[in-house]
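Data from run_31.json: JSON, C-alpha atoms
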```
[["chain", "number", "residue", "atom", "x", "y", "z"],
["A", 48, "MET", "CA", 0.00, 0.00, 0.00],
["A", 49, "ALA", "CA", 1.41, 3.38, -0.98],
["A", 50, "ALA", "CA", 1.62, 5.90, 1.82],
["A", 51, "PRO", "CA", -1.34, 8.32, 1.78],
["A", 52, "GLU", "CA", -0.34, 11.69, 0.32],
["A", 53, "ASN", "CA", -2.14, 13.79, 2.95],
["A", 54, "LEU", "CA", 0.05, 12.53, 5.81],
["A", 55, "LYS", "CA", 3.61, 13.12, 6.99],
["A", 56, "TYR", "CA", 5.87, 10.30, 8.21],
["A", 57, "THR", "CA", 8.80, 9.47, 10.47],
["A", 58, "GLU", "CA", 11.65, 7.05, 9.86],
["A", 59, "GLU", "CA", 10.28, 5.09, 12.84],
["A", 60, "HIS", "CA", 7.14, 4.33, 10.78],
["A", 61, "GLU", "CA", 4.65, 6.68, 12.41],
["A", 62, "TRP", "CA", 2.28, 8.81, 10.39],
["A", 63, "VAL", "CA", 1.20, 12.31, 11.35],
["A", 64, "LEU", "CA", -1.92, 14.20, 10.27],
["A", 65, "ILE", "CA", -1.69, 17.93, 10.99],
["A", 66, "ASP", "CA", -4.88, 19.87, 11.76],
["A", 67, "GLY", "CA", -4.07, 23.33, 13.13],
["A", 68, "ASP", "CA", -1.97, 22.78, 16.26],
["A", 69, "ILE", "CA", -3.10, 19.15, 16.70],
["A", 70, "ALA", "CA", -1.18, 16.21, 15.28],
["A", 71, "THR", "CA", -2.95, 12.86, 15.04],
["A", 72, "VAL", "CA", -0.39, 10.05, 15.21],
["A", 73, "GLY", "CA", -0.55, 6.40, 14.22],
["A", 74, "ILE", "CA", 1.67, 3.67, 12.84],
["A", 75, "THR", "CA", 1.91, 3.04, 9.14],
["A", 76, "ASP", "CA", 0.60, 0.09, 7.19],
["A", 77, "TYR", "CA", 4.22, -0.99, 6.74],
["A", 78, "ALA", "CA", 4.74, -1.00, 10.52],
["A", 79, "GLN", "CA", 1.55, -2.89, 11.33],
["A", 80, "ALA", "CA", 2.37, -5.50, 8.70],
["A", 81, "ALA", "CA", 5.85, -5.98, 10.18],
["A", 82, "LEU", "CA", 4.39, -6.33, 13.68],
["A", 83, "GLY", "CA", 1.75, -8.88, 12.71],
["A", 84, "ASP", "CA", -1.51, -9.28, 14.63],
["A", 85, "VAL", "CA", -1.64, -6.53, 17.27],
["A", 86, "VAL", "CA", -2.98, -7.83, 20.59],
["A", 87, "PHE", "CA", -2.21, -5.01, 23.06],
["A", 88, "VAL", "CA", -1.71, -1.24, 22.87],
["A", 89, "ASP", "CA", -0.45, 0.95, 25.73],
["A", 90, "LEU", "CA", -0.90, 4.69, 25.17],
["A", 91, "PRO", "CA", -0.03, 7.76, 27.25],
["A", 92, "GLU", "CA", -2.79, 9.49, 29.20],
["A", 93, "GLU", "CA", -4.34, 12.80, 28.23],
["A", 94, "GLY", "CA", -2.22, 15.65, 29.60],
["A", 95, "THR", "CA", 1.07, 13.74, 29.27],
["A", 96, "ALA", "CA", 3.96, 15.85, 27.97],
["A", 97, "VAL", "CA", 5.81, 14.12, 25.14],
["A", 98, "ALA", "CA", 9.15, 14.85, 23.50],
["A", 99, "ALA", "CA", 10.04, 14.11, 19.91],
["A", 100, "ALA", "CA", 11.79, 10.75, 19.50],
["A", 101, "ALA", "CA", 10.88, 9.66, 23.05],
["A", 102, "VAL", "CA", 9.04, 6.40, 23.66],
["A", 103, "VAL", "CA", 5.43, 7.18, 24.61],
["A", 104, "GLY", "CA", 3.69, 3.84, 24.25],
["A", 105, "GLU", "CA", 3.92, 0.21, 23.34],
["A", 106, "ILE", "CA", 2.33, -1.97, 20.70],
["A", 107, "GLU", "CA", 2.43, -5.72, 21.27],
["A", 108, "SER", "CA", 1.72, -8.30, 18.62],
["A", 109, "THR", "CA", 1.79, -12.06, 18.42],
["A", 110, "LYS", "CA", 5.32, -11.73, 16.97],
["A", 111, "SER", "CA", 6.97, -8.90, 18.91],
["A", 112, "VAL", "CA", 6.71, -5.75, 20.99],
["A", 113, "GLY", "CA", 7.12, -2.39, 19.26],
["A", 114, "GLU", "CA", 7.60, 1.02, 20.79],
["A", 115, "LEU", "CA", 5.55, 4.06, 19.87],
["A", 116, "PHE", "CA", 7.73, 7.14, 19.49],
["A", 117, "ALA", "CA", 6.43, 10.69, 19.72],
["A", 118, "PRO", "CA", 7.12, 12.39, 16.38],
["A", 119, "ILE", "CA", 6.80, 15.86, 17.93],
["A", 120, "ASP", "CA", 7.11, 17.77, 21.20],
["A", 121, "GLY", "CA", 3.79, 18.56, 22.83],
["A", 122, "GLU", "CA", 0.99, 17.44, 25.10],
["A", 123, "VAL", "CA", -1.28, 14.47, 24.55],
["A", 124, "VAL", "CA", -4.83, 15.79, 24.19],
["A", 125, "GLU", "CA", -6.44, 12.45, 23.37],
["A", 126, "ALA", "CA", -5.56, 8.76, 23.32],
["A", 127, "ASN", "CA", -7.64, 6.44, 21.16],
["A", 128, "GLN", "CA", -9.52, 4.28, 23.67],
["A", 129, "ALA", "CA", -11.05, 2.29, 20.81],
["A", 130, "VAL", "CA", -7.57, 0.97, 19.93],
["A", 131, "VAL", "CA", -6.87, 0.07, 23.55],
["A", 132, "ASP", "CA", -10.17, -1.84, 23.66],
["A", 133, "SER", "CA", -9.75, -3.39, 20.17],
["A", 134, "PRO", "CA", -6.03, -3.46, 19.28],
["A", 135, "ASP", "CA", -6.77, -5.17, 15.95],
["A", 136, "LEU", "CA", -7.90, -1.74, 14.64],
["A", 137, "VAL", "CA", -4.19, -0.98, 14.22],
["A", 138, "ASN", "CA", -4.04, -3.81, 11.66],
["A", 139, "SER", "CA", -7.40, -3.38, 9.97],
["A", 140, "ASP", "CA", -7.41, 0.44, 9.62],
["A", 141, "PRO", "CA", -3.96, 1.89, 10.42],
["A", 142, "TYR", "CA", -4.66, 5.24, 8.71],
["A", 143, "GLY", "CA", -8.21, 5.63, 10.05],
["A", 144, "ALA", "CA", -9.83, 4.13, 13.14],
["A", 145, "GLY", "CA", -6.42, 2.74, 14.19],
["A", 146, "TRP", "CA", -4.94, 6.17, 15.04],
["A", 147, "LEU", "CA", -3.19, 6.20, 18.42],
["A", 148, "ILE", "CA", -2.78, 9.67, 19.97],
["A", 149, "LYS", "CA", -3.47, 13.33, 19.33],
["A", 150, "VAL", "CA", -0.81, 15.79, 20.40],
["A", 151, "ARG", "CA", -1.02, 19.59, 20.69],
["A", 152, "PHE", "CA", 2.30, 20.96, 19.44],
["A", 153, "THR", "CA", 3.96, 24.35, 19.14],
["A", 154, "GLU", "CA", 6.59, 23.58, 16.53],
["A", 155, "LEU", "CA", 6.46, 21.03, 13.75],
["A", 156, "PRO", "CA", 9.71, 19.16, 13.05],
["A", 157, "THR", "CA", 10.83, 18.12, 9.60],
["A", 158, "LEU", "CA", 8.90, 15.02, 8.59],
["A", 159, "LEU", "CA", 8.94, 12.84, 5.48],
["A", 160, "ASP", "CA", 6.37, 13.28, 2.74],
["A", 161, "ALA", "CA", 4.63, 10.25, 1.21],
["A", 162, "ALA", "CA", 7.15, 9.88, -1.63],
["A", 163, "ALA", "CA", 10.13, 9.93, 0.76],
["A", 164, "TYR", "CA", 8.42, 7.43, 3.07],
["A", 165, "ASP", "CA", 7.62, 5.10, 0.16],
["A", 166, "GLU", "CA", 11.28, 5.29, -0.86],
["A", 167, "LEU", "CA", 12.37, 4.46, 2.70],
["A", 168, "THR", "CA", 10.13, 1.40, 2.89],
["A", 169, "SER", "CA", 10.98, 0.09, -0.56],
["A", 170, "LYS", "CA", 14.63, -0.58, 0.36]]
```
Let me see whether you can do it: turn the structure in this file into structure tokens.
Amino acid sequence: MAAPENLKYTEEHEWVLIDGDIATVGITDYAQAALGDVVFVDLPEEGTAVAAAAVVGEIESTKSVGELFAPIDGEVVEANQAVVDSPDLVNSDPYGAGWLIKVRFTELPTLLDAAAYDELTSK
């Protein structure tokens, strides 16, 4: 699956959707496929301060445990409880219902566009 054009990406395989000063964050289709069937998701609580590149959560699958990295500095304004309750949403809809956290940020770092992310994952 080609990376959606309307999103930005990190080299750690997170996607970011910017809406004003809120960034919705999830893991990419590439990442969920590498993880396999997701069985548990641990997300930070609302109000948690996060720093870019810091581990903020955990995604466990039948094959491995992956870390969720914050792509930006900011404050968590929402964690997706639906994913905590039904972790398989990360596999079935990684760019939609499988989003993980929303972060209010003040400065946006340099992120990859879809073409650069597709190039990264095609190696």
TODO: Could you tell me how far CA of Lys55 (chain A) lies from CA of Lys110 (chain A), in Å and to one decimal?
DONE: 26.8 Å
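In this structure, CA of Leu136 (chain A) sits 26.7 Å away from CA of Lys170 (chain A).
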- [ ] Rounded to one decimal place, report the CA of Pro51 (chain A)-CA of Phe116 (chain A) distance in Å.
- [x] 19.9 Å
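Ranking A:Ile148, A:Ala162, A:Ile65, A:Val130 by their shortest atom-to-atom distance to Gly94 (chain A), with all atoms listed in the file included, puts A:Ile148 first.
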Open item on the list: Which residues are near Ala81 (chain A)? Cut-off 12 Å, only C-alpha atoms, ignore same chain within fewer than 6 positions. Put them as a PyMOL selection string.
Closed with: chain A and resi 60+74-75+106-113+137-138+168
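Across A:Phe152, A:Thr157, A:Tyr142, A:Glu114, the tightest approach to Asn53 (chain A) is made by A:Tyr142 when counting all atoms listed in the file.
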Task: Selection: 12 Å around Pro134 (chain A), all atoms listed in the file, excl. self and same-chain fewer than 2 positions, as a PyMOL selection string - done: chain A and resi 79+83-90+105-109+127-132+136-141+144-147
Limited to C-alpha atoms, could you put the picked residues into a file as a PDB file, keeping the file's coordinate frame?
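The file below, part_26.pdb, is the result:
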```
ATOM      1  CA  GLN A  79       1.550  -2.890  11.330  1.00  0.00           C
ATOM      2  CA  GLY A  83       1.750  -8.880  12.710  1.00  0.00           C
ATOM      3  CA  ASP A  84      -1.510  -9.280  14.630  1.00  0.00           C
ATOM      4  CA  VAL A  85      -1.640  -6.530  17.270  1.00  0.00           C
ATOM      5  CA  VAL A  86      -2.980  -7.830  20.590  1.00  0.00           C
ATOM      6  CA  PHE A  87      -2.210  -5.010  23.060  1.00  0.00           C
ATOM      7  CA  VAL A  88      -1.710  -1.240  22.870  1.00  0.00           C
ATOM      8  CA  ASP A  89      -0.450   0.950  25.730  1.00  0.00           C
ATOM      9  CA  LEU A  90      -0.900   4.690  25.170  1.00  0.00           C
ATOM     10  CA  GLU A 105       3.920   0.210  23.340  1.00  0.00           C
ATOM     11  CA  ILE A 106       2.330  -1.970  20.700  1.00  0.00           C
ATOM     12  CA  GLU A 107       2.430  -5.720  21.270  1.00  0.00           C
ATOM     13  CA  SER A 108       1.720  -8.300  18.620  1.00  0.00           C
ATOM     14  CA  THR A 109       1.790 -12.060  18.420  1.00  0.00           C
ATOM     15  CA  ASN A 127      -7.640   6.440  21.160  1.00  0.00           C
ATOM     16  CA  GLN A 128      -9.520   4.280  23.670  1.00  0.00           C
ATOM     17  CA  ALA A 129     -11.050   2.290  20.810  1.00  0.00           C
ATOM     18  CA  VAL A 130      -7.570   0.970  19.930  1.00  0.00           C
ATOM     19  CA  VAL A 131      -6.870   0.070  23.550  1.00  0.00           C
ATOM     20  CA  ASP A 132     -10.170  -1.840  23.660  1.00  0.00           C
ATOM     21  CA  LEU A 136      -7.900  -1.740  14.640  1.00  0.00           C
ATOM     22  CA  VAL A 137      -4.190  -0.980  14.220  1.00  0.00           C
ATOM     23  CA  ASN A 138      -4.040  -3.810  11.660  1.00  0.00           C
ATOM     24  CA  SER A 139      -7.400  -3.380   9.970  1.00  0.00           C
ATOM     25  CA  ASP A 140      -7.410   0.440   9.620  1.00  0.00           C
ATOM     26  CA  PRO A 141      -3.960   1.890  10.420  1.00  0.00           C
ATOM     27  CA  ALA A 144      -9.830   4.130  13.140  1.00  0.00           C
ATOM     28  CA  GLY A 145      -6.420   2.740  14.190  1.00  0.00           C
ATOM     29  CA  TRP A 146      -4.940   6.170  15.040  1.00  0.00           C
ATOM     30  CA  LEU A 147      -3.190   6.200  18.420  1.00  0.00           C
TER      31      LEU A 147
END
```
Open item on the list: Counting all atoms listed in the file, which residue out of A:Ala49, A:Leu167, A:Ala126, A:Leu115 sits closest to Glu92 (chain A)?
Closed with: A:Ala126
TODO: Dump as a ChimeraX atom specification all residues having an atom at most 9 Å from (2.7, 14.7, 12.4), computed in the file's coordinates with only C-alpha atoms.
DONE: /A:54-57,61-65,69-72,118-119,150,155-156,158
